[in-house]
Amino acid sequence: MGKRVYIAGAGIISPLGKGLAATVEALQANSSAIRPLDLFPLLHGEPLPVGQVRGLDESSSLPRTHRLARIAAIQAMAGGSQPPDAVILGTTTGGILTTEQLLRDNVGDKELYRYHGLNSVAEYIARETGCRGPALAVSTACSSGAVAIAMALEMLRSGKAKTVLAGGVDSLCRLTYFGFHSLQLVDKKGCRPFDADRHGMAVAEGAAMLLLTTERPDTPLAELLGAGLSCDAYHPAAPHPEGRGALMAMWAALTDAGLEPEDIDYINLHGTGTPENDLVESKAIKTLFVTPPPLSSIKGAMGHSLAASGAIEAVVSAIAVFQNFLPANTGWEKLDPALGLTPLTQPISQPVTAVLSNSFGFGGNNGCLVITQADSVPASPAPRGPRAGLAVHGRSCVSGSGNTAATMSQLVQGLPVAGMVDLDSLSENLPPRLVRRLKRLPRMTLSLAAAALADSGLEEKPSAVFMGTGWGALSETYDFLTRLAESQEQFPSPTDFVGSVHNGPAGQAAIMFEATGANITTSGGDYSFEQALLAADLMMKEGDERSLVLGVDEGHQALSPLLDPSIAPATLLADGGGGLCLSRTSNGAQCLVRVPFYQSSATEGAIDLLIETLGGVQILKSKYALVLAGIPAAVREEGEAQLARFVDQSGCQAPVIRYRELTGEFASASAVAAVMAVSFLTERQLPAGEEDGKNAILVLGLGPYLSAMEFSRP
C-alpha cells in the first residue's frame, strides 16, 4: 500500500486573523478584511485596497515576511512533538519590504540586507523549528505555496522524510503593490471574484503552514491525498485563454489522488477577481466537471496573498473537511454569463469528504491539491516504489569566459573563468527576436536551456523545467524600484515587474520549448542548483520524459555587492550558470547524477553522517577520482574546516578543486561545477587514478548546509 500523508497541524495568519479559530469565525461572518493600505506611506493619491495583516508586532528587526512565517510555523508545529525532517516554503517577496526602504535611504551596510533572499525565510523557519534537514525555498509566483506542499507530498511518499513543514508566505511591499497596479489588475473597490462586475484583485499578505506526516496522528486535521502541477507555456503573465494548464493541473491532482471529478465535494477556487483569470478558470472547471460541485474563492474576503495564497487555501480546505464547513465567495453579487458559474454566496455547513484547491501564477505555473477527510478513501494511493535515478543527456554552462566550450577549455587547464560575458555574446545561440526585450538573467537561462538540449542530441523537447537561482532577476528588480522612486511612484514599469519574479526565466524556457509539465524555481542561496536538482528528483516522472535543470545567477553592479555576502568591495563581479538535460533513462546518457546528502551543518556529527551516506570510509577511498569543493567566500573559514574534517575522516585521497576560485563568486556556481563534473567524465579528463575504477566525481557544498552531488559514468 502507498503511504498516506496526514495533516497533523496547521497554522495561518491573514487579514482575517491569526489562527484557525479566528479564520473560521471571519469566514462564517462572510465579511471582507480588505482595507486601504497604511503599511507604508504613498507619495501620491489615495491608497488602494489591500489585504493587510493588522496588529503585527513591529518592534522586531526581522523583515515582515519572516515574522508572518514564524507565526504560522509555531501554530502548525503545535501538532508535533519533534522537529520536522524538512521545511519547504513558497515565497516571492522574501525580505524585499526591508530592502526597498534600505535602498531608498541609500544604506550601504550589507549586514542589514542579510534577510533579503528568499532562502533566508526557509532557513529562518528551519532554525526556529529545530529542523536540521533540507530547508527549500520555492518561488513559482502565486502558486508557490501549493507547489511547496506538492513537493512535500512527494518527499514523504518517497520515504525521504517522515514529517515536513510546508506552506507559503508573502508580505506586502512596494514591488507587488505598485507592480500589480501597473498591470491594471487591481480593483479599486476591493475584490469580487467571478462577479460580472469584477475589475481585478486586491494584493494581500499572509502565511500558512501544514505539518505533514506519514505517521498517523491521534486526530489528524485532514489528509493530503494528491497534487498536480503543470505549466501553461503560453505567456509570462497571462494564462492560456482556454485554461489548458489549469485543466492539466486539476486532472493531474485527481489522478494522483485516485479520484474522479464526481468525488469532489467542493472546489476552493484560485479566483483572483481579474476578468481574464476567472474566465480561464471557469472554462477549465466546466471542461473537467459535468456538474461542478459547490465552489468559492476566499480572495474576496482577504485578498490575494500571492505565494501564501495556495497554502492559506490549503488550510481552509483542511478546515472544510474537518468541520464540514464551506466558505462563501465574498463580494459576489451578479452572475457573469461568460463564466456560467454561481459560487457560494453564503457560508454553509454540509458533509465534505474531498476538496480540490486551485492555485495558478505568473509564468503559467499551476498547482492543485486534493485534501480529504483522513482515511476516507478506501485504498491508499498506489505505492511509489524506488524510482530510477537521474541520467544526464546534455549539458551547458556559461561563465565570464563564454559558452561551454570556452569555459571548459579554461577549466580543464585549471585557469579561472570568473567575470561577466557581454550581453550579445551571452545569447548568440538564440533568435534575436526572442531576446530583444529580455535582460540578463532570462537571456542566460534561455541560452543555457537551448545549449543543453542541443548537446543532448535529442529531438524530443523537455516537458518540465527546474531552475535554481539565488537572487533572481536583479536587473528587473532594480530597474523597477529605481524607476518607481525616480518617478515619485507615478510610472512603475509593468514589463520590469513581470520580469522581476524569480520564476520568470524558467517560464520563458517553458514557452520556448512548449514544456507543459512541472515548472519549479528554487531559491536556496548558494545551494540553489542543488535544490533544483532535488526538486527534479522528487517531481520527475518515470519513463522517457525529458527535463531541464538549470542554475543561473546574474551579477549586478548595485545589488550583488549588497545582497551576496560573498562579494566584497574588491571582488571581481562574476555570474553565469549551468544546465543539464535529464531523464530517468540511462540509455545513451553521458553520466548519472544524484543528490545523496543535504543537511544543515549544525546537525550533530554532520560530517560523519555525510561520510556514512556516501558509503563509508572504504567506499570513499576507492570511489571518487575528483572532489569539487564549493566554499563561498563569506564562509571560507567554516568551509575549509569542514573540508579538512571530511578529507581526514573519510580517508578520501582524490584531488580537491575549490571551484569557486575558478568560477568566481555567485550563488549558482555549483551549476558550473556540475557541468565540470559531467564534462570531465564524458571527455575522460579525470586525474590519475581513473584506471583504479574511480569513475565518479563528488561535488560538495560547504558552509551553513552540507550538500553532495555525485556524478558517475552509466
# chains A, B, ... in the order shown; residues from 1 in each chain; ligands from 1

$ residues_around --residues "range 136-150 of chain A" --least-positions-apart "4" --cutoff "8 Å" --atoms "only C-alpha atoms" --output "VMD selection string"
chain A and resid 86 to 92 118 to 119 121 to 123 154 166 to 169 210 226 to 229 305 to 311 314 359 to 363 365 to 369 501 to 503 519 to 524 531

$ write_last_selection --atoms "C-alpha atoms" --output "CSV table (one decimal), in the first residue's frame"
chain,number,residue,atom,x,y,z
A,86,ALA,CA,12.4,19.2,6.2
A,87,VAL,CA,11.0,22.6,5.6
A,88,ILE,CA,9.6,23.6,2.2
A,89,LEU,CA,8.4,27.1,1.9
A,90,GLY,CA,6.9,29.0,-1.0
A,91,THR,CA,7.6,32.8,-1.2
A,92,THR,CA,8.1,35.5,-3.7
A,118,LEU,CA,14.0,34.0,-0.3
A,119,ASN,CA,16.2,31.3,1.2
A,121,VAL,CA,12.9,32.8,5.2
A,122,ALA,CA,13.0,29.0,4.8
A,123,GLU,CA,16.3,28.8,6.7
A,154,GLU,CA,6.4,13.6,-2.9
A,166,ALA,CA,5.3,23.1,4.2
A,167,GLY,CA,3.5,26.2,3.2
A,168,GLY,CA,3.8,29.7,1.8
A,169,VAL,CA,4.3,33.3,2.9
A,210,LEU,CA,0.9,22.5,7.2
A,226,GLY,CA,-2.9,14.2,-4.2
A,227,ALA,CA,-1.3,17.0,-6.1
A,228,GLY,CA,-0.9,18.1,-9.7
A,229,LEU,CA,1.4,20.6,-11.4
A,305,SER,CA,-1.7,36.9,-0.7
A,306,LEU,CA,0.5,35.7,-3.7
A,307,ALA,CA,2.9,32.9,-2.6
A,308,ALA,CA,0.9,32.4,0.6
A,309,SER,CA,-2.4,32.1,-1.1
A,310,GLY,CA,-2.1,28.4,-2.1
A,311,ALA,CA,-1.1,27.4,1.4
A,314,ALA,CA,-5.0,24.5,1.6
A,359,SER,CA,-3.5,27.8,-7.4
A,360,PHE,CA,-2.3,29.5,-10.6
A,361,GLY,CA,0.5,32.0,-11.1
A,362,PHE,CA,2.6,34.2,-13.4
A,363,GLY,CA,4.6,32.2,-15.9
A,365,ASN,CA,2.8,27.9,-13.0
A,366,ASN,CA,-0.2,25.8,-11.8
A,367,GLY,CA,-0.6,23.8,-8.7
A,368,CYS,CA,-3.7,21.9,-7.5
A,369,LEU,CA,-4.1,19.9,-4.3
A,501,VAL,CA,9.6,37.3,-10.4
A,502,HIS,CA,12.1,34.6,-9.7
A,503,ASN,CA,10.3,32.1,-11.8
A,519,ASN,CA,7.9,24.2,-13.8
A,520,ILE,CA,9.6,24.8,-10.4
A,521,THR,CA,12.1,27.5,-9.4
A,522,THR,CA,14.0,27.2,-6.2
A,523,SER,CA,16.0,29.9,-4.5
A,524,GLY,CA,18.4,28.4,-2.0
A,531,GLN,CA,17.7,22.4,-4.6

$ select_by_dssp --residues "range 543-607 of chain A" --states "helix (DSSP H, G or I)" --output "JSON, numbers by chain"
{"A": [560, 561, 562, 563, 606, 607]}

$ residues_around --residues "Ala338 in chain A" --least-positions-apart "3" --cutoff "10 Å" --atoms "only C-alpha atoms" --output "ChimeraX atom specification"
/A:194,196,279,282-283,335,341

$ write_last_selection --atoms "N, CA and C atoms" --output "mmCIF file, in the first residue's frame"
data_model
loop_
_atom_site.group_PDB
_atom_site.id
_atom_site.type_symbol
_atom_site.label_atom_id
_atom_site.label_comp_id
_atom_site.auth_asym_id
_atom_site.auth_seq_id
_atom_site.Cartn_x
_atom_site.Cartn_y
_atom_site.Cartn_z
ATOM 1 N N PHE A 194 -15.312 36.270 -9.698
ATOM 2 C CA PHE A 194 -16.359 35.635 -10.508
ATOM 3 C C PHE A 194 -17.623 36.485 -10.646
ATOM 4 N N ALA A 196 -19.906 39.478 -12.188
ATOM 5 C CA ALA A 196 -19.986 40.065 -13.527
ATOM 6 C C ALA A 196 -19.313 41.432 -13.593
ATOM 7 N N LEU A 279 -12.195 33.923 -15.929
ATOM 8 C CA LEU A 279 -12.770 33.322 -17.132
ATOM 9 C C LEU A 279 -12.061 32.022 -17.485
ATOM 10 N N SER A 282 -12.898 29.235 -15.023
ATOM 11 C CA SER A 282 -14.253 28.706 -15.231
ATOM 12 C C SER A 282 -14.291 27.763 -16.430
ATOM 13 N N LYS A 283 -13.561 28.090 -17.493
ATOM 14 C CA LYS A 283 -13.517 27.208 -18.663
ATOM 15 C C LYS A 283 -12.936 25.844 -18.305
ATOM 16 N N LEU A 335 -24.275 37.162 -11.545
ATOM 17 C CA LEU A 335 -23.763 36.109 -12.414
ATOM 18 C C LEU A 335 -23.175 36.698 -13.686
ATOM 19 N N LEU A 341 -20.800 30.159 -13.895
ATOM 20 C CA LEU A 341 -20.631 29.521 -12.590
ATOM 21 C C LEU A 341 -21.243 30.409 -11.514
#

$ select_by_dssp --residues "range 443-644 of chain A" --states "strand (DSSP E or B)" --output "PyMOL selection string"
chain A and resi 464-468+519-522+547-553+576-583+591-600+624-630

$ atom_distance --atom1 "CA of Leu97 in chain A" --atom2 "CA of His270 in chain A"
25.2 Å

$ closest_residue --among "A:Val290, A:Leu426, A:Val24, A:Ala558" --to "Thr482 in chain A" --atoms "only C-alpha atoms"
A:Ala558

$ residues_around --residues "range 567-581 of chain A" --least-positions-apart "3" --cutoff "6 Å" --atoms "only C-alpha atoms" --output "number ranges by chain"
A: 392-399, 418-420, 448, 452, 547-555, 561, 564, 664, 666, 668, 671-672

$ closest_residue --among "A:Leu706, A:Ser32, A:His304, A:Gly543" --to "Ile611 in chain A" --atoms "only C-alpha atoms"
A:Leu706

$ closest_residue --among "A:Thr287, A:Thr213, A:Glu604, A:Met155" --to "Ser81 in chain A" --atoms "only C-alpha atoms"
A:Thr213

$ residues_around --residues "Val498 in chain A" --least-positions-apart "4" --cutoff "8 Å" --atoms "only C-alpha atoms" --output "VMD selection string"
chain A and resid 179 236 to 237 362 494 504

$ atom_distance --atom1 "CA of Ser182 in chain A" --atom2 "CA of Asp496 in chain A"
10.2 Å

$ residues_around --residues "Ser583 in chain A" --least-positions-apart "6" --cutoff "12 Å" --atoms "only C-alpha atoms" --output "number ranges by chain"
A: 387-394, 453, 456, 458, 460-465, 533, 536-537, 539-549, 589-593

$ closest_residue --among "A:Gln101, A:Ser376, A:Gln52, A:Thr65" --to "Ser14 in chain A" --atoms "only C-alpha atoms"
A:Gln52

$ residues_around --residues "Val5 in chain A" --least-positions-apart "3" --cutoff "8 Å" --atoms "only C-alpha atoms" --output "JSON, numbers by chain"
{"A": [153, 156, 157, 212, 213, 214, 215, 223, 224, 225]}

$ closest_residue --among "A:Ser230, A:Ser712, A:Thr663, A:Asn403" --to "Thr682 in chain A" --atoms "only C-alpha atoms"
A:Ser712

$ closest_residue --among "A:Asp38, A:Asp105, A:Asp232, A:Glu313" --to "Ile13 in chain A" --atoms "only C-alpha atoms"
A:Glu313
